[in-house]
Amino acid sequence: QPLAAQAGLEVLRHGGNAFDAAIATAAVLNVVEPGSAGIGGDVFMLAWSAREHRLIAINGSGRAPAALTPQYLAAKGIKGHMPEHGIDSATVPGAVDAWDAILHRAGTKSFRELLQPAIDIAEQGFGVTQRIANDWIYGATILAGDADSVRTYLPGGAPPAPYAVFRNPDLALSFRALQRGGRDAFYKGEIAQAIVAKSKALGGTMTLDDLAHTHADWVEPITTRYHGYDIYELPPNTQGFAVLEMMNILEACAPKLGLDLAALGPASPQYWHLLVEAKKLAYADLYAHNADPGFSPVPVERLISKDHAASLCGRIDPKHAGAPDAHGDPVGGTVYLATADRWGNMVSFIYSIYDSFGSGVTVPGHGFVLNDRAALFSLDPASPNLLAGGKRPFHTLIPGFVMHEGQPWMAYGLMGGSQQAQGHMQVLVDMIDLGANPQAASDAARFTHAQATNTLRLESSLYDRVGAALAGMGHQVSADNGEDMGGYQAIRRDGEVYRAASDHRKDGQAAGW
């Protein structure tokens, strides 16, 4: 979002690095895209640290409150499926702790400096753009169920009209508390106490101990090589391994099927058929295995191996669509940003409260909503993603990174629930196989496939070109445009030059100086 991008740019202009800029940008995004992201949510980052000369990665996703268990929900009459909204859909927010950990390891500035642009915008207000106003409408029904949400986010009882000025002085107060007290203000101090009081008032389980014991984890990225490029993702509980598995399937199976993606090109139905079939196979593994590895082992090494990909080639019929097992597809509601600086740091950063306005529960006097990430737990006792206290849920958020010939090449991401991993695959193929520049990869038409219904939606220009042919191959095809195709951003380093890209499907800005 342009106001957020400009806040990050100002940090760079005043001597901050890419990590500092990412935090400042993220804070403003809480103000201007409150239905998508905020301090009531989670953060993941994958970044090249010039000082350490290596990739570093952080999992800042929250955990279920200790007392949030299947047994607790069953006693409330909740069985079969997790609540999609409300206090029992919220995990303990991980974002602020991740911000703090990132700045301590790799930043140069403090919350006092980096949160000030967000405070200024929250107090002075901003013009709500058409895209954000549309997202607000989606969340209005959820917000309407909570008096504090209505007071904060539905001025006059309704979502702000496009280009109305919206202010959130309560959120500014939260950021000022972080300026004074750091992350402890959120996890042990005044904000923690307000979160717990709100949870208790709604019959929830979150406690001061849950907040006090929250910590982000530095993790090792997972990787595979695709046509000479090293693609990196975060390990479970994220869906990152599905990206690597899809790329491996394309690399292993295209030659076996007598196909070449670069030669076929995107005007060919066969090109899209192969991408969709690779997606189905990888997502079948994703939904079968992904979970918090601290509770359930996830066979990542096997799933992202070249041998596993090769073993799946026989399941791709080059002339007919396959039928995957039906699994529910997570919804979207996220922001992604990338930053880079003069020293060579490159940051891929994603954060979210999950669905539009998350749980719909606003922390009174503090101007932010709690996430609804617990909705992605399972209540099936056989599932590795079964709800448990202290456990992290299946997570859709995935920042991406690519190395080439041992050097950082691209920080990129594509927000949008289950579209994220399949979107990563599509923009990578655009650039690596087809030679697209970062913006051309964004502008290119995309598809989104729903595993649960085995339906395939193509952007209208693509549908007009190949839709009938794909339908003839057995795909259930329809035309669709806009937000369901996800929102992509990227910064790519080509020699001494950074090239940036921003998706036309949502608010965004590629900015530099």
# chains A, B, ... in the order shown; residues from 1 in each chain; ligands from 1
$ residues_around --residues "Ala24 (chain A)" --least-positions-apart "5" --cutoff "7 Å" --atoms "only C-alpha atoms" --output "ChimeraX atom specification"
/A:7-8,114-115
$ closest_atom_pairs --of "region 166-216 of chain A" --to "region 373-391 of chain A" --cutoff "12 Å" --atoms "only C-alpha atoms" --output "CSV"
residue,atom,partner,partner_atom,distance
A:Thr205,CA,A:Gly389,CA,10.1
A:Met206,CA,A:Gly389,CA,10.4
A:Thr207,CA,A:Gly390,CA,11.9
A:Asp209,CA,A:Gly390,CA,11.0
A:Asp210,CA,A:Gly390,CA,8.1
A:Leu211,CA,A:Gly390,CA,10.8
A:His213,CA,A:Gly390,CA,9.6
A:Thr214,CA,A:Gly390,CA,9.3
A:His215,CA,A:Gly390,CA,11.3
$ write_last_selection --atoms "N, CA and C atoms" --output "compact mmCIF listing (two decimals), in the first residue's frame"
# COMPACT_ATOMS: atom_id res chain seq x y z
N THR A 205 -10.09 -18.32 26.50
CA THR A 205 -9.12 -19.03 27.34
C THR A 205 -7.78 -18.33 27.48
N MET A 206 -7.53 -17.24 26.74
CA MET A 206 -6.20 -16.65 26.71
C MET A 206 -5.84 -16.07 28.06
N THR A 207 -4.60 -16.33 28.51
CA THR A 207 -4.14 -15.89 29.83
C THR A 207 -2.87 -15.08 29.69
N ASP A 209 -0.15 -15.87 31.11
CA ASP A 209 0.92 -16.85 30.89
C ASP A 209 1.06 -17.18 29.41
N ASP A 210 -0.07 -17.32 28.71
CA ASP A 210 -0.01 -17.60 27.27
C ASP A 210 0.77 -16.49 26.55
N LEU A 211 0.49 -15.26 26.90
CA LEU A 211 1.17 -14.14 26.26
C LEU A 211 2.63 -14.06 26.69
N HIS A 213 4.66 -16.32 27.55
CA HIS A 213 5.51 -17.40 27.03
C HIS A 213 5.59 -17.41 25.50
N THR A 214 5.03 -16.40 24.85
CA THR A 214 5.09 -16.33 23.39
C THR A 214 6.50 -15.99 22.94
N HIS A 215 6.99 -16.70 21.94
CA HIS A 215 8.31 -16.39 21.38
C HIS A 215 8.35 -16.80 19.92
$ closest_residue --among "A:Ile137, A:Ile316, A:Pro236, A:Thr224" --to "Asn290 (chain A)" --atoms "only C-alpha atoms"
A:Pro236
$ residues_around --residues "region 349-355 of chain A" --least-positions-apart "4" --cutoff "9 Å" --atoms "only C-alpha atoms" --output "number ranges by chain"
A: 22, 26, 34-47, 60, 84-85, 93, 95, 139, 330-339, 359, 369-373, 396-400, 411-413, 415, 417
$ select_by_dssp --residues "region 322-507 of chain A" --states "helix (DSSP H, G or I)" --output "PyMOL selection string"
chain A and resi 373-376+419-432+438-443+460-472+483-485
$ residues_around --residues "Met485 (chain A)" --least-positions-apart "6" --cutoff "8 Å" --atoms "only C-alpha atoms" --output "short mmCIF file (atom, residue, chain, number, x, y, z; two decimals) with N, CA and C atoms, in the first residue's frame"
data_model
loop_
_atom_site.label_atom_id
_atom_site.label_comp_id
_atom_site.auth_asym_id
_atom_site.auth_seq_id
_atom_site.Cartn_x
_atom_site.Cartn_y
_atom_site.Cartn_z
N GLY A 416 -2.65 -14.46 -0.16
CA GLY A 416 -3.97 -14.91 -0.58
C GLY A 416 -4.30 -16.33 -0.22
N GLN A 419 -4.03 -19.62 -2.29
CA GLN A 419 -3.43 -19.18 -3.55
C GLN A 419 -1.92 -18.97 -3.41
N GLY A 423 0.51 -19.68 -6.34
CA GLY A 423 0.93 -18.42 -6.94
C GLY A 423 2.43 -18.30 -7.01
N ARG A 446 -3.07 -15.40 -14.25
CA ARG A 446 -2.88 -16.50 -13.31
C ARG A 446 -4.15 -17.35 -13.21
N PHE A 447 -3.97 -18.51 -12.58
CA PHE A 447 -5.11 -19.35 -12.24
C PHE A 447 -5.13 -19.55 -10.73
N THR A 448 -6.27 -19.99 -10.23
CA THR A 448 -6.35 -20.49 -8.86
C THR A 448 -7.19 -21.77 -8.88
N GLU A 459 -8.02 -16.21 -14.97
CA GLU A 459 -8.32 -14.82 -15.28
C GLU A 459 -8.88 -14.75 -16.69
N ARG A 505 -3.55 -6.11 -8.99
CA ARG A 505 -4.80 -6.66 -8.48
C ARG A 505 -5.15 -6.12 -7.08
#
$ closest_residue --among "A:Gly435, A:Pro364, A:Pro324, A:Gly127" --to "Val165 (chain A)" --atoms "only C-alpha atoms"
A:Gly127
$ select_by_dssp --residues "region 307-505 of chain A" --states "strand (DSSP E)" --output "PyMOL selection string"
chain A and resi 334-340+346-352+400-404+407-415+447-450+455-458+476-479+487-494+497-502
$ residues_around --residues "Leu259 (chain A)" --least-positions-apart "5" --cutoff "9 Å" --atoms "only C-alpha atoms" --output "MDAnalysis selection string"
chainID A and resid 253:254 264 270:271 274
$ closest_residue --among "A:Val92, A:Ile142, A:Val497, A:Gly181" --to "Arg342 (chain A)" --atoms "only C-alpha atoms"
A:Val497
$ atom_distance --atom1 "CA of Arg493 (chain A)" --atom2 "CA of Met403 (chain A)"
10.0 Å
$ residues_around --residues "Ala291 (chain A)" --least-positions-apart "6" --cutoff "8 Å" --atoms "only C-alpha atoms" --output "PyMOL selection string"
chain A and resi 236-238+297-298+384-385+392-394
$ atom_distance --atom1 "CA of His327 (chain A)" --atom2 "CA of Tyr287 (chain A)"
7.0 Å
$ atom_distance --atom1 "CA of Ala158 (chain A)" --atom2 "CA of Ala140 (chain A)"
7.3 Å
$ closest_residue --among "A:Pro318, A:Gly94, A:Pro235, A:Gly107" --to "Ala18 (chain A)" --atoms "only C-alpha atoms"
A:Gly107
$ closest_residue --among "A:Val128, A:Ile249, A:Tyr488, A:Ala321" --to "Gly472 (chain A)" --atoms "only C-alpha atoms"
A:Ala321
